[in-house]
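Source file: work.txt (compact mmCIF, C-alpha atoms and all ligand atoms)
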```txt
# COMPACT_ATOMS: atom_id res chain seq x y z
CA MET S 9 -10.71 -20.69 3.27
CA MET S 10 -8.57 -20.09 0.25
CA SER S 11 -6.42 -23.07 -0.61
CA MET S 12 -2.84 -22.11 -1.33
CA THR S 13 -0.76 -24.29 -3.60
CA CYS S 14 2.12 -21.99 -4.27
CA HIS S 15 4.51 -24.84 -5.17
CA ASN S 16 8.15 -24.67 -4.16
CA LEU S 17 7.48 -21.64 -2.05
CA ASP S 18 8.13 -22.26 1.57
CA PHE S 19 7.46 -19.01 3.24
CA GLY S 20 7.12 -20.55 6.64
CA ALA S 21 4.05 -18.40 7.06
CA ARG S 22 0.70 -19.35 8.39
CA VAL S 23 -2.06 -19.39 5.81
CA LEU S 24 -4.76 -17.13 7.12
CA ASP S 25 -8.35 -16.88 6.19
CA LEU S 26 -8.64 -13.82 4.08
CA VAL S 27 -11.29 -11.46 5.19
CA ALA S 28 -13.88 -10.65 2.57
CA VAL S 29 -12.02 -9.31 -0.43
CA GLY S 30 -13.62 -5.93 -1.07
CA SER S 31 -16.23 -6.35 -3.77
CA SER S 32 -14.46 -9.25 -5.36
CA SER S 33 -17.67 -10.50 -6.91
CA ASN S 34 -17.43 -7.59 -9.25
CA ALA S 35 -14.19 -8.75 -10.73
CA SER S 36 -14.09 -6.39 -13.66
CA ILE S 37 -10.88 -4.44 -13.68
CA GLU S 38 -11.11 -0.86 -14.69
CA ARG S 39 -8.34 0.24 -16.96
CA HIS S 40 -6.82 3.33 -15.51
CA SER S 41 -6.10 5.82 -18.19
CA VAL S 42 -3.21 8.17 -17.87
CA LYS S 43 -4.79 11.56 -17.70
CA SER S 44 -3.92 14.07 -20.35
CA HIS S 45 -1.33 16.47 -19.28
CA GLY S 46 -0.87 20.17 -19.92
CA LYS S 47 2.42 21.46 -21.19
CA THR S 48 3.13 23.79 -18.31
CA PHE S 49 3.72 22.61 -14.81
CA THR S 50 3.30 24.34 -11.53
CA SER S 51 5.79 23.44 -8.92
CA LYS S 52 3.93 22.08 -5.91
CA VAL S 53 4.73 23.20 -2.44
CA TYR S 54 5.82 20.20 -0.50
CA GLY S 55 5.51 19.98 3.23
CA ALA S 56 8.14 18.88 5.67
CA ARG S 57 9.80 15.51 5.39
CA ARG S 58 10.71 13.50 8.40
CA MET S 59 12.95 10.47 8.48
CA VAL S 60 10.53 8.12 10.08
CA CYS S 61 12.60 5.05 9.39
CA SER S 62 15.60 6.45 11.21
CA ARG S 63 13.66 6.88 14.41
CA GLN S 64 14.74 4.94 17.42
CA ASN S 65 12.52 2.17 18.70
CA ILE S 66 10.73 1.86 15.44
CA SER S 67 8.04 -0.77 15.65
CA ARG S 68 9.37 -3.54 13.46
CA THR S 69 7.58 -5.71 10.95
CA ARG S 70 4.66 -7.04 12.88
CA VAL S 71 1.25 -5.62 12.24
CA PHE S 72 -0.83 -5.34 15.34
CA SER S 73 -4.58 -5.46 15.71
CA ARG S 74 -6.55 -2.65 17.26
CA ASN S 75 -10.12 -2.70 18.36
CA THR S 76 -11.42 0.39 16.68
CA SER S 77 -10.45 1.79 13.35
CA GLN S 78 -10.02 5.18 15.00
CA ALA S 79 -7.24 3.75 17.13
CA LEU S 80 -5.34 3.09 13.94
CA PHE S 81 -5.15 6.77 13.22
CA ASP S 82 -3.64 7.59 16.59
CA GLY S 83 -0.42 7.07 18.38
CA VAL S 84 2.10 6.28 15.67
CA GLY S 85 3.54 9.75 15.86
CA GLU S 86 1.88 12.63 14.12
CA ARG S 87 2.96 13.57 10.64
CA THR S 88 1.26 16.76 9.78
CA ALA S 89 2.05 17.45 6.15
CA PRO S 90 2.12 14.29 4.11
CA VAL S 91 4.07 15.85 1.29
CA LEU S 92 7.60 17.00 1.06
CA ASP S 93 9.56 20.15 0.51
CA LEU S 94 12.77 19.04 -1.10
CA LYS S 95 13.96 22.59 -1.54
CA LYS S 96 13.22 24.08 1.87
CA GLU S 97 14.23 21.26 4.17
CA ALA S 98 17.80 20.72 5.20
CA LYS S 99 18.27 17.50 3.31
CA ILE S 100 19.21 14.23 4.87
CA PRO S 101 19.52 11.79 1.97
CA ILE S 102 17.17 8.87 2.38
CA SER S 103 18.93 5.53 2.27
CA LEU S 104 17.09 2.61 0.76
CA ALA S 105 18.12 0.33 3.62
CA LYS S 106 16.61 2.72 6.18
CA LEU S 107 13.53 3.11 4.07
CA PHE S 108 12.94 -0.64 3.90
CA GLU S 109 13.87 -1.24 7.54
CA VAL S 110 10.26 -1.78 8.58
CA VAL S 111 9.94 -4.64 6.08
CA ALA S 112 13.57 -5.88 6.26
CA ASP S 113 12.59 -9.35 7.52
CA ASP S 114 9.99 -9.69 4.78
CA LEU S 115 12.55 -8.77 2.12
CA GLN S 116 15.07 -11.21 3.51
CA THR S 117 12.61 -14.06 3.19
CA LEU S 118 11.76 -12.90 -0.32
CA ASN S 119 15.41 -12.96 -1.40
CA GLN S 120 15.85 -16.48 -0.07
CA ASN S 121 12.87 -17.64 -2.09
CA LEU S 122 13.56 -15.85 -5.33
CA GLN S 123 16.59 -17.76 -6.48
CA SER S 124 15.23 -21.14 -5.54
CA ILE S 125 11.99 -20.90 -7.45
CA VAL S 126 13.01 -19.88 -10.93
CA GLY S 127 13.98 -22.60 -13.35
CA ALA S 128 15.02 -25.05 -10.68
CA GLU S 129 14.39 -27.86 -13.16
CA ASN S 130 16.68 -26.52 -15.89
CA PRO S 131 20.39 -25.67 -15.47
CA VAL S 132 20.38 -22.90 -18.09
CA LEU S 133 17.35 -21.22 -16.58
CA MET S 134 18.90 -21.67 -13.15
CA SER S 135 22.05 -19.87 -14.32
CA THR S 136 20.14 -17.01 -15.89
CA ALA S 137 18.09 -16.60 -12.73
CA GLU S 138 21.22 -16.64 -10.60
CA GLN S 139 22.80 -14.07 -12.89
CA ILE S 140 19.98 -11.54 -12.70
CA PHE S 141 18.66 -12.07 -9.18
CA GLY S 142 22.21 -12.36 -7.82
CA ALA S 143 23.17 -9.07 -9.49
CA GLY S 144 21.05 -7.25 -6.94
CA GLY S 145 18.37 -4.75 -7.73
CA LYS S 146 16.57 -2.48 -5.34
CA ARG S 147 13.62 -4.85 -4.69
CA MET S 148 11.46 -1.75 -4.73
CA ARG S 149 8.32 -3.49 -5.99
CA PRO S 150 8.25 -6.29 -3.39
CA ALA S 151 9.05 -3.69 -0.73
CA LEU S 152 6.00 -1.74 -1.92
CA VAL S 153 3.90 -4.90 -1.72
CA PHE S 154 5.03 -5.49 1.88
CA LEU S 155 4.56 -1.87 2.93
CA VAL S 156 1.07 -1.57 1.44
CA SER S 157 0.16 -5.03 2.74
CA ARG S 158 1.13 -4.06 6.27
CA ALA S 159 -0.35 -0.57 6.08
CA THR S 160 -3.71 -1.92 4.88
CA ALA S 161 -3.66 -5.08 7.01
CA GLU S 162 -3.94 -2.79 10.01
CA LEU S 163 -7.16 -1.41 8.59
CA ALA S 164 -8.59 -4.89 8.22
CA GLY S 165 -7.37 -6.03 11.64
CA LEU S 166 -5.01 -8.69 10.26
CA ASN S 167 -2.16 -9.33 12.65
CA ASP S 168 0.42 -10.51 10.13
CA LEU S 169 0.99 -10.80 6.42
CA THR S 170 -0.80 -13.64 4.72
CA THR S 171 0.82 -16.20 2.43
CA GLU S 172 -0.98 -14.45 -0.42
CA HIS S 173 0.80 -11.18 0.36
CA ARG S 174 4.16 -12.94 0.38
CA CYS S 175 3.45 -14.86 -2.84
CA LEU S 176 2.37 -11.62 -4.51
CA ALA S 177 5.73 -10.01 -3.69
CA VAL S 178 7.63 -12.91 -5.27
CA ILE S 179 5.39 -12.91 -8.34
CA ILE S 180 5.84 -9.16 -8.82
CA GLU S 181 9.65 -9.32 -8.63
CA MET S 182 9.66 -12.25 -11.08
CA ILE S 183 7.53 -10.32 -13.54
CA HIS S 184 9.73 -7.23 -13.16
CA THR S 185 12.88 -9.30 -13.72
CA ALA S 186 11.42 -11.00 -16.79
CA SER S 187 10.56 -7.58 -18.22
CA LEU S 188 14.13 -6.38 -17.62
CA ILE S 189 15.60 -9.39 -19.44
CA HIS S 190 13.39 -8.70 -22.46
CA ASP S 191 13.89 -4.93 -22.25
CA ASP S 192 17.67 -5.36 -22.35
CA VAL S 193 17.36 -7.44 -25.52
CA LEU S 194 15.23 -4.73 -27.16
CA ASP S 195 17.48 -1.90 -25.94
CA GLU S 196 20.62 -3.90 -26.80
CA SER S 197 22.01 -3.12 -23.34
CA ASP S 198 25.16 -4.93 -22.26
CA THR S 199 24.90 -4.27 -18.53
CA ARG S 200 22.16 -4.43 -15.94
CA ARG S 201 22.50 -4.01 -12.18
CA GLY S 202 26.22 -3.53 -12.76
CA LYS S 203 26.62 -6.96 -14.31
CA GLU S 204 26.46 -8.40 -17.82
CA THR S 205 22.95 -8.79 -19.16
CA VAL S 206 21.48 -12.25 -19.70
CA HIS S 207 21.51 -11.89 -23.49
CA GLN S 208 25.11 -10.68 -23.41
CA LEU S 209 26.15 -13.81 -21.52
CA TYR S 210 23.87 -16.47 -22.95
CA GLY S 211 22.64 -15.04 -26.26
CA THR S 212 19.32 -13.57 -27.32
CA ARG S 213 17.49 -16.87 -27.71
CA VAL S 214 18.21 -17.94 -24.14
CA ALA S 215 17.32 -14.46 -22.85
CA ILE S 216 13.94 -14.49 -24.59
CA LEU S 217 13.20 -18.00 -23.35
CA ALA S 218 14.35 -17.18 -19.82
CA GLY S 219 12.11 -14.07 -19.77
CA ASP S 220 9.17 -16.09 -21.17
CA PHE S 221 9.76 -18.79 -18.58
CA MET S 222 9.69 -16.25 -15.76
CA PHE S 223 6.47 -14.70 -17.08
CA ALA S 224 4.92 -18.17 -17.35
CA GLN S 225 6.19 -19.24 -13.93
CA SER S 226 4.79 -16.11 -12.34
CA SER S 227 1.42 -16.74 -14.05
CA TRP S 228 1.36 -20.22 -12.53
CA TYR S 229 1.96 -18.90 -9.03
CA LEU S 230 -0.59 -16.17 -9.68
CA ALA S 231 -3.26 -18.66 -10.73
CA ASN S 232 -2.60 -20.64 -7.55
CA LEU S 233 -3.56 -17.62 -5.48
CA GLU S 234 -7.11 -18.24 -6.75
CA ASN S 235 -8.19 -14.64 -6.57
CA LEU S 236 -9.80 -13.71 -9.86
CA GLU S 237 -9.54 -9.97 -9.31
CA VAL S 238 -5.78 -10.17 -8.70
CA ILE S 239 -5.30 -12.66 -11.55
CA LYS S 240 -6.97 -10.23 -13.97
CA LEU S 241 -5.05 -7.28 -12.56
CA ILE S 242 -1.61 -8.87 -12.95
CA SER S 243 -2.33 -10.60 -16.28
CA GLN S 244 -3.14 -7.21 -17.73
CA VAL S 245 0.28 -5.98 -16.59
CA ILE S 246 2.09 -8.67 -18.59
CA LYS S 247 0.10 -7.59 -21.64
CA ASP S 248 0.92 -3.95 -20.90
CA PHE S 249 4.67 -4.61 -21.04
CA ALA S 250 4.37 -5.79 -24.62
CA SER S 251 2.14 -2.81 -25.49
CA GLY S 252 4.71 -0.45 -23.98
CA GLU S 253 7.68 -1.99 -25.76
CA ILE S 254 5.80 -2.01 -29.08
CA LYS S 255 4.73 1.60 -28.58
CA GLN S 256 8.32 2.59 -27.87
CA ALA S 257 9.75 0.63 -30.81
CA SER S 258 7.24 2.14 -33.22
CA SER S 259 7.96 5.74 -32.30
CA LEU S 260 11.77 5.80 -32.36
CA PHE S 261 13.20 9.10 -33.64
CA ASP S 262 9.64 10.47 -33.98
CA CYS S 263 9.96 14.13 -32.96
CA ASP S 264 6.17 14.56 -33.05
CA VAL S 265 5.69 12.20 -30.11
CA GLU S 266 3.49 13.93 -27.53
CA LEU S 267 3.87 14.01 -23.78
CA GLU S 268 0.58 12.10 -23.40
CA GLU S 269 1.93 9.28 -25.57
CA TYR S 270 5.15 9.21 -23.59
CA LEU S 271 3.17 8.99 -20.34
CA LEU S 272 0.99 6.22 -21.74
CA LYS S 273 4.07 4.25 -22.83
CA SER S 274 5.58 4.81 -19.37
CA TYR S 275 2.36 3.60 -17.80
CA TYR S 276 2.48 0.41 -19.88
CA LYS S 277 6.18 -0.26 -19.28
CA THR S 278 6.51 0.75 -15.65
CA ALA S 279 3.54 2.22 -13.79
CA SER S 280 1.11 -0.59 -14.59
CA LEU S 281 3.16 -3.18 -12.65
CA ILE S 282 3.74 -0.88 -9.69
CA ALA S 283 0.04 0.03 -9.58
CA ALA S 284 -0.94 -3.64 -9.71
CA SER S 285 1.55 -4.39 -6.92
CA THR S 286 0.12 -1.83 -4.54
CA LYS S 287 -3.52 -2.55 -5.41
CA GLY S 288 -2.98 -6.33 -5.24
CA ALA S 289 -1.44 -5.96 -1.77
CA ALA S 290 -4.45 -3.97 -0.56
CA ILE S 291 -6.87 -6.50 -2.07
CA PHE S 292 -5.16 -9.32 -0.15
CA SER S 293 -5.59 -7.32 3.03
CA GLY S 294 -9.32 -7.21 2.35
CA ALA S 295 -9.32 -3.42 2.11
CA ASP S 296 -12.38 -1.55 0.86
CA ARG S 297 -12.64 -0.76 -2.81
CA SER S 298 -12.05 2.94 -2.15
CA VAL S 299 -8.71 2.05 -0.54
CA THR S 300 -7.69 -0.47 -3.23
CA GLU S 301 -8.42 2.15 -5.90
CA GLN S 302 -6.33 4.76 -4.08
CA MET S 303 -3.51 2.23 -3.80
CA TYR S 304 -3.76 1.68 -7.54
CA GLU S 305 -3.51 5.42 -8.14
CA PHE S 306 -0.60 5.64 -5.70
CA GLY S 307 1.33 2.94 -7.57
CA LYS S 308 0.51 4.48 -10.93
CA ASN S 309 1.66 7.98 -9.94
CA LEU S 310 4.78 6.68 -8.19
CA GLY S 311 5.51 4.51 -11.24
CA LEU S 312 5.20 7.44 -13.64
CA SER S 313 7.38 9.60 -11.41
CA PHE S 314 9.88 6.74 -11.22
CA GLN S 315 10.09 6.35 -15.00
CA VAL S 316 10.51 10.11 -15.57
CA VAL S 317 13.35 10.09 -13.01
CA ASP S 318 14.92 7.05 -14.72
CA ASP S 319 14.74 8.91 -18.02
CA ILE S 320 16.39 12.01 -16.52
CA LEU S 321 19.16 9.90 -14.98
CA ASP S 322 19.90 8.50 -18.43
CA PHE S 323 21.05 12.05 -19.27
CA THR S 324 22.72 13.00 -16.03
CA GLN S 325 24.47 9.91 -14.63
CA SER S 326 27.36 7.73 -15.73
CA ALA S 327 27.08 4.06 -16.67
CA GLU S 328 28.94 3.24 -13.47
CA GLN S 329 26.40 5.09 -11.33
CA LEU S 330 23.47 3.55 -13.17
CA GLY S 331 24.75 -0.02 -13.44
CA LYS S 332 23.48 0.05 -17.03
CA PRO S 333 24.49 2.00 -20.16
CA ALA S 334 24.01 5.77 -19.86
CA GLY S 335 22.82 8.18 -22.54
CA SER S 336 21.46 5.39 -24.65
CA ASP S 337 17.77 6.39 -24.76
CA LEU S 338 18.39 9.31 -27.11
CA ALA S 339 21.08 7.45 -29.06
CA LYS S 340 18.56 4.66 -29.77
CA GLY S 341 15.87 7.20 -30.72
CA ASN S 342 13.78 6.68 -27.57
CA LEU S 343 12.55 10.24 -26.99
CA THR S 344 11.78 10.68 -23.31
CA ALA S 345 10.42 13.59 -21.22
CA PRO S 346 13.59 15.76 -21.25
CA VAL S 347 13.76 15.56 -25.05
CA ILE S 348 10.04 16.13 -25.58
CA PHE S 349 10.24 19.34 -23.51
CA ALA S 350 13.46 20.51 -25.19
CA LEU S 351 11.94 19.95 -28.63
CA GLU S 352 9.32 22.59 -27.79
CA GLU S 353 12.09 25.15 -27.34
CA GLU S 354 14.73 24.28 -29.91
CA PRO S 355 13.93 23.48 -33.58
CA LYS S 356 17.54 22.56 -34.27
CA LEU S 357 17.17 19.56 -31.98
CA ARG S 358 14.52 18.12 -34.29
CA GLU S 359 16.87 18.30 -37.25
CA ILE S 360 19.63 16.47 -35.43
CA ILE S 361 17.34 13.77 -34.08
CA GLU S 362 15.65 13.22 -37.44
CA SER S 363 19.08 12.72 -39.02
CA GLU S 364 19.47 9.83 -36.54
CA PHE S 365 22.85 11.21 -35.42
CA CYS S 366 24.55 10.34 -38.67
CA GLU S 367 27.18 13.06 -38.19
CA THR S 368 30.02 12.59 -35.74
CA GLY S 369 29.44 14.58 -32.55
CA SER S 370 25.76 15.20 -33.28
CA LEU S 371 24.59 12.99 -30.40
CA ASP S 372 26.68 15.00 -27.94
CA GLU S 373 25.33 18.20 -29.45
CA ALA S 374 21.75 16.98 -29.03
CA ILE S 375 22.38 16.00 -25.40
CA GLU S 376 23.82 19.46 -24.75
CA LEU S 377 20.78 21.12 -26.37
CA VAL S 378 18.40 19.08 -24.21
CA LYS S 379 20.23 20.31 -21.12
CA GLN S 380 20.49 23.94 -22.28
CA CYS S 381 16.80 24.18 -23.22
CA GLY S 382 15.59 23.29 -19.73
CA GLY S 383 14.47 19.79 -20.74
CA ILE S 384 15.85 18.28 -17.54
CA GLU S 385 14.23 20.88 -15.26
CA ARG S 386 10.81 20.52 -16.88
CA ALA S 387 11.03 16.75 -16.65
CA GLN S 388 11.94 17.19 -13.00
CA GLU S 389 8.78 19.25 -12.49
CA LEU S 390 6.77 16.48 -14.12
CA ALA S 391 8.31 13.87 -11.81
CA LYS S 392 7.48 16.08 -8.81
CA GLU S 393 3.94 16.59 -9.98
CA LYS S 394 3.33 12.83 -10.18
CA ALA S 395 5.08 12.37 -6.82
CA ASP S 396 2.78 14.92 -5.24
CA LEU S 397 -0.26 13.04 -6.52
CA ALA S 398 1.18 9.78 -5.17
CA ILE S 399 1.60 11.31 -1.70
CA LYS S 400 -2.01 12.49 -1.76
CA ASN S 401 -3.18 8.98 -2.66
CA LEU S 402 -1.71 7.76 0.63
CA GLN S 403 -4.00 9.92 2.72
CA CYS S 404 -6.63 7.18 2.87
CA LEU S 405 -4.24 5.07 4.97
CA PRO S 406 -3.97 5.34 8.74
CA GLN S 407 -0.78 6.93 10.03
CA SER S 408 1.72 4.16 10.57
CA ASN S 409 5.40 3.51 10.05
CA PHE S 410 4.46 1.63 6.89
CA ARG S 411 2.60 4.60 5.44
CA PHE S 412 5.50 6.90 6.36
CA ALA S 413 7.92 4.56 4.60
CA LEU S 414 5.68 4.69 1.49
CA GLN S 415 5.83 8.49 1.63
CA ASP S 416 9.59 8.38 2.00
CA MET S 417 9.84 6.11 -1.01
CA VAL S 418 8.24 8.79 -3.13
CA VAL S 419 10.82 11.27 -1.83
CA PHE S 420 13.67 8.82 -2.27
CA ASN S 421 12.80 8.53 -5.94
CA LEU S 422 12.83 12.31 -6.41
CA GLU S 423 16.09 12.68 -4.52
CA ARG S 424 17.78 10.48 -7.11
CA ILE S 425 17.75 13.50 -9.44
CA ASP S 426 18.62 16.15 -6.90
C1 LIG S 501 14.31 -0.47 -13.78
O1 LIG S 501 13.66 -0.61 -12.55
C2 LIG S 501 13.31 -0.34 -14.85
C3 LIG S 501 12.51 0.88 -14.79
C4 LIG S 501 11.25 0.84 -14.57
C5 LIG S 501 13.12 2.16 -15.03
P1 LIG S 501 14.46 -0.60 -11.18
O2 LIG S 501 15.33 0.62 -11.14
O3 LIG S 501 13.51 -0.79 -10.06
O4 LIG S 501 15.40 -1.86 -11.34
P2 LIG S 501 16.10 -2.76 -10.23
O5 LIG S 501 15.13 -3.85 -9.90
O6 LIG S 501 16.44 -1.92 -9.04
O7 LIG S 501 17.33 -3.28 -10.92
C1 LIG S 502 11.55 0.54 -18.18
O1 LIG S 502 12.10 1.15 -19.25
C2 LIG S 502 11.92 -0.91 -18.20
C3 LIG S 502 10.86 -1.88 -18.09
C4 LIG S 502 9.70 -1.68 -17.63
C5 LIG S 502 11.20 -3.21 -18.53
P1 LIG S 502 13.64 1.51 -19.50
O2 LIG S 502 14.07 0.93 -20.81
O3 LIG S 502 13.82 2.97 -19.31
O4 LIG S 502 14.44 0.76 -18.35
P2 LIG S 502 16.00 0.74 -18.22
O5 LIG S 502 16.47 2.17 -18.31
O6 LIG S 502 16.53 -0.09 -19.33
O7 LIG S 502 16.24 0.16 -16.86
MG MG S 503 15.81 -0.27 -21.16
MG MG S 504 15.71 3.82 -18.71
```

Once more with this new file: its structure as structure tokens, please.
Amino acid sequence: MMSMTCHNLDFGARVLDLVAVGSSSNASIERHSVKSHGKTFTSKVYGARRMVCSRQNISRTRVFSRNTSQALFDGVGERTAPVLDLKKEAKIPISLAKLFEVVADDLQTLNQNLQSIVGAENPVLMSTAEQIFGAGGKRMRPALVFLVSRATAELAGLNDLTTEHRCLAVIIEMIHTASLIHDDVLDESDTRRGKETVHQLYGTRVAILAGDFMFAQSSWYLANLENLEVIKLISQVIKDFASGEIKQASSLFDCDVELEEYLLKSYYKTASLIAASTKGAAIFSGADRSVTEQMYEFGKNLGLSFQVVDDILDFTQSAEQLGKPAGSDLAKGNLTAPVIFALEEEPKLREIIESEFCETGSLDEAIELVKQCGGIERAQELAKEKADLAIKNLQCLPQSNFRFALQDMVVFNLERID
């Protein structure tokens, strides 16, 4: 029996015995390299998408036990092609609320807990936590934790989420939020989630301390889960954030930056946490190593696709739509996928970027060149390629509403740039 001392967290959930955690005795964590990537991309043919979450009588939130593993693969409604054809299908935009419907109760509990646990002992930290958690956010990472937890719990015959699953979701959102607070300091962003950033309101020193506090607090909760494999997995993520931010800061305005380096930086900054979230959830379900590894790959590929989409949106959306400053990546010299692709086509772009936009109007000219040279379209192909891999990684899971919601999340991300 694992003892849980997740202080201040009252999830009202029963602590369950965890079934044997995969091969937890072999606690070494493989580092998952981002594979090198060719410069041309083939558009994948996606299969049909179906709005599983909008179905009537959807089975809500509770995982049910079945006697045989085969039973898990039956009866939840057949989904033939697990991948999506965004072009061919008549599109029904996926709403996030629909997507998360199957874990809505889990997310509600999470939201109640989030604000109460951060910095309760210090009024300044309390205010910063209120500011950033209260501003909203999609809660995509905890939703992923809940969806993978429930999808894999079925495999292991668990009939509900464990306290460990629920703690993991809180820890992951805290880590994500801490990384955003620090990222906004480094990017000198004034708005986040449509509201003023922590450093804008309270100053840089408070923002750094608040971010540090959240990282430390999450480490404390993590340690209390007493699962060495998960502790190692998530600790590495916190290290990866710093590696990613340093990598980004040290290659500003560098027009020789390669796609592989960009993907590695994106892995450090974004995909590593999402991969750890999905793998951690599967570990706490007691899933086999083959499944936990596939869940890691799923999170990594979704995370990479997500970051590429975020980088495209920085070119195509307004600050109002984004809830954070638009067009600032290129202005700050952060050369993302659309720029890297456009640089292959247009030598003039290099000149403008290397001059660090010293001439009036040169930033607008560079943005226009990126768009004209097909930088956005090629980045879109890259995002789709990673999304396709993510969908394939889900094939190890039994068909369930939770797996379908995971598939739809991959599509939802791509539809942001449609
Ligand atoms: C923002 O992540 C940071 C990136 C990885 C691009 P989200 O877009 O998930 O941020 P919130 O939590 O919804 O605000
Ligand atoms: C991802 O990078 C953010 C973190 C992982 C902290 P970005 O710098 O692109 O995120 P946004 O655009 O500021 O949300
Ligand atoms: Mg940023
Ligand atoms: Mg961004």

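Between atom CA of Ile320 of chain S and atom CA of Asp396 of chain S lies a distance of 17.9 Å.
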
Env. residues ligand MG 504 (chain S) / 8 Å / only C-alpha atoms and all ligand atoms / as a PyMOL selection string: chain S and resi 315+318-319+321-322+337

May I have the selected residues written with C-alpha atoms, as a PDB file, keeping the file's coordinate frame?
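File again_37.pdb, as written:
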```
ATOM      1  CA  GLN S 315      10.090   6.350 -15.000  1.00  0.00           C
ATOM      2  CA  ASP S 318      14.920   7.050 -14.720  1.00  0.00           C
ATOM      3  CA  ASP S 319      14.740   8.910 -18.020  1.00  0.00           C
ATOM      4  CA  LEU S 321      19.160   9.900 -14.980  1.00  0.00           C
ATOM      5  CA  ASP S 322      19.900   8.500 -18.430  1.00  0.00           C
ATOM      6  CA  ASP S 337      17.770   6.390 -24.760  1.00  0.00           C
TER       7      ASP S 337
END
```

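Between ligand LIG 502 (chain S) and the residues S:Asp113, S:Asp195, S:Glu364, S:Glu172, the shortest atom-to-atom distance, using all atoms listed in the file, involves S:Asp195.
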
Which residues of chain S sit at most 9 Å from ligand MG 503 (chain S), using all atoms listed in the file? Give each one's shortest atom pair and distance in Å (one decimal place), in chain and ascending residue order, as CSV.
```
residue,atom,partner,partner_atom,distance
S:Leu188,CA,S:MG503,MG,7.3
S:His190,CA,S:MG503,MG,8.9
S:Asp191,CA,S:MG503,MG,5.2
S:Asp192,CA,S:MG503,MG,5.5
S:Val193,CA,S:MG503,MG,8.5
S:Leu194,CA,S:MG503,MG,7.5
S:Asp195,CA,S:MG503,MG,5.3
S:Glu196,CA,S:MG503,MG,8.3
S:Ser197,CA,S:MG503,MG,7.2
S:Lys332,CA,S:MG503,MG,8.7
S:Ser336,CA,S:MG503,MG,8.7
S:Asp337,CA,S:MG503,MG,7.8
```

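Picture a line from atom CA of Leu422 of chain S to atom CA of Ala112 of chain S; it runs 22.2 Å.
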
Of the listed residues S:Leu312, S:Ala215, S:Ile254, S:Ile348, that which approaches ligand LIG 501 (chain S) most closely, counting all atoms listed in the file: S:Leu312

Please produce, as a tab-separated table, a per-residue contact table for chain S versus ligand LIG 501 (chain S) (criterion: any atom at most 10 Å away, only C-alpha atoms and all ligand atoms considered), showing the nearest atom pair and its distance in Å to one decimal, sorted by chain then residue number.
```
residue	atom	partner	partner_atom	distance
S:Ile140	CA	S:LIG501	O7	8.9
S:Phe141	CA	S:LIG501	O5	9.0
S:Ala143	CA	S:LIG501	O7	8.3
S:Gly144	CA	S:LIG501	O7	6.7
S:Gly145	CA	S:LIG501	O7	3.7
S:Lys146	CA	S:LIG501	O6	3.7
S:Arg147	CA	S:LIG501	O5	5.5
S:Met148	CA	S:LIG501	O3	5.8
S:Arg149	CA	S:LIG501	O3	7.1
S:Pro150	CA	S:LIG501	O5	9.8
S:Glu181	CA	S:LIG501	O5	7.8
S:His184	CA	S:LIG501	O5	7.2
S:Thr185	CA	S:LIG501	O5	7.0
S:Ser187	CA	S:LIG501	C2	8.4
S:Leu188	CA	S:LIG501	C2	6.7
S:Asp191	CA	S:LIG501	C2	8.7
S:Arg200	CA	S:LIG501	O7	7.1
S:Arg201	CA	S:LIG501	O7	5.4
S:Gly202	CA	S:LIG501	O7	9.1
S:Ser274	CA	S:LIG501	C4	8.4
S:Tyr275	CA	S:LIG501	C4	9.9
S:Lys277	CA	S:LIG501	C4	7.0
S:Thr278	CA	S:LIG501	C4	4.9
S:Ala279	CA	S:LIG501	C4	7.9
S:Leu281	CA	S:LIG501	C4	9.2
S:Ile282	CA	S:LIG501	C4	9.1
S:Gly311	CA	S:LIG501	C4	7.6
S:Leu312	CA	S:LIG501	C4	9.0
S:Phe314	CA	S:LIG501	C5	6.8
S:Gln315	CA	S:LIG501	C5	5.2
S:Val316	CA	S:LIG501	C5	8.4
S:Val317	CA	S:LIG501	C5	8.2
S:Asp318	CA	S:LIG501	C5	5.2
S:Asp319	CA	S:LIG501	C5	7.6
S:Leu321	CA	S:LIG501	C5	9.8
S:Asp322	CA	S:LIG501	C5	9.9
S:Leu330	CA	S:LIG501	O2	8.9
S:Gly331	CA	S:LIG501	O7	8.5
S:Lys332	CA	S:LIG501	O7	9.3
S:Asn421	CA	S:LIG501	O2	9.8
```

Shell of 7 Å around Ala398 of chain S, all atoms listed in the file, local chain residues under 6 positions omitted, as a PyMOL selection string: chain S and resi 306+309-310

Atom CA of Gly219 of chain S to atom CA of Ile246 of chain S, distance in Å rounded to a single decimal: 11.4 Å

From S:Ile189, S:Cys263, S:Ile384, S:Ile242, residue lying nearest ligand LIG 502 (chain S) [all atoms listed in the file]: S:Ile189

Set the distance at 10 Å and use all atoms listed in the file: which residues neighbour Glu385 of chain S once local chain neighbours fewer than 3 positions away are removed? I'd like the list as a JSON list (two decimals) with C-alpha atoms, keeping the file's coordinate frame.
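Wrote it out as selection07.json, contents follow:
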```json
[["chain", "number", "residue", "atom", "x", "y", "z"],
["S", 320, "ILE", "CA", 16.39, 12.01, -16.52],
["S", 346, "PRO", "CA", 13.59, 15.76, -21.25],
["S", 349, "PHE", "CA", 10.24, 19.34, -23.51],
["S", 350, "ALA", "CA", 13.46, 20.51, -25.19],
["S", 379, "LYS", "CA", 20.23, 20.31, -21.12],
["S", 380, "GLN", "CA", 20.49, 23.94, -22.28],
["S", 381, "CYS", "CA", 16.80, 24.18, -23.22],
["S", 382, "GLY", "CA", 15.59, 23.29, -19.73],
["S", 388, "GLN", "CA", 11.94, 17.19, -13.00],
["S", 389, "GLU", "CA", 8.78, 19.25, -12.49],
["S", 390, "LEU", "CA", 6.77, 16.48, -14.12],
["S", 391, "ALA", "CA", 8.31, 13.87, -11.81]]
```
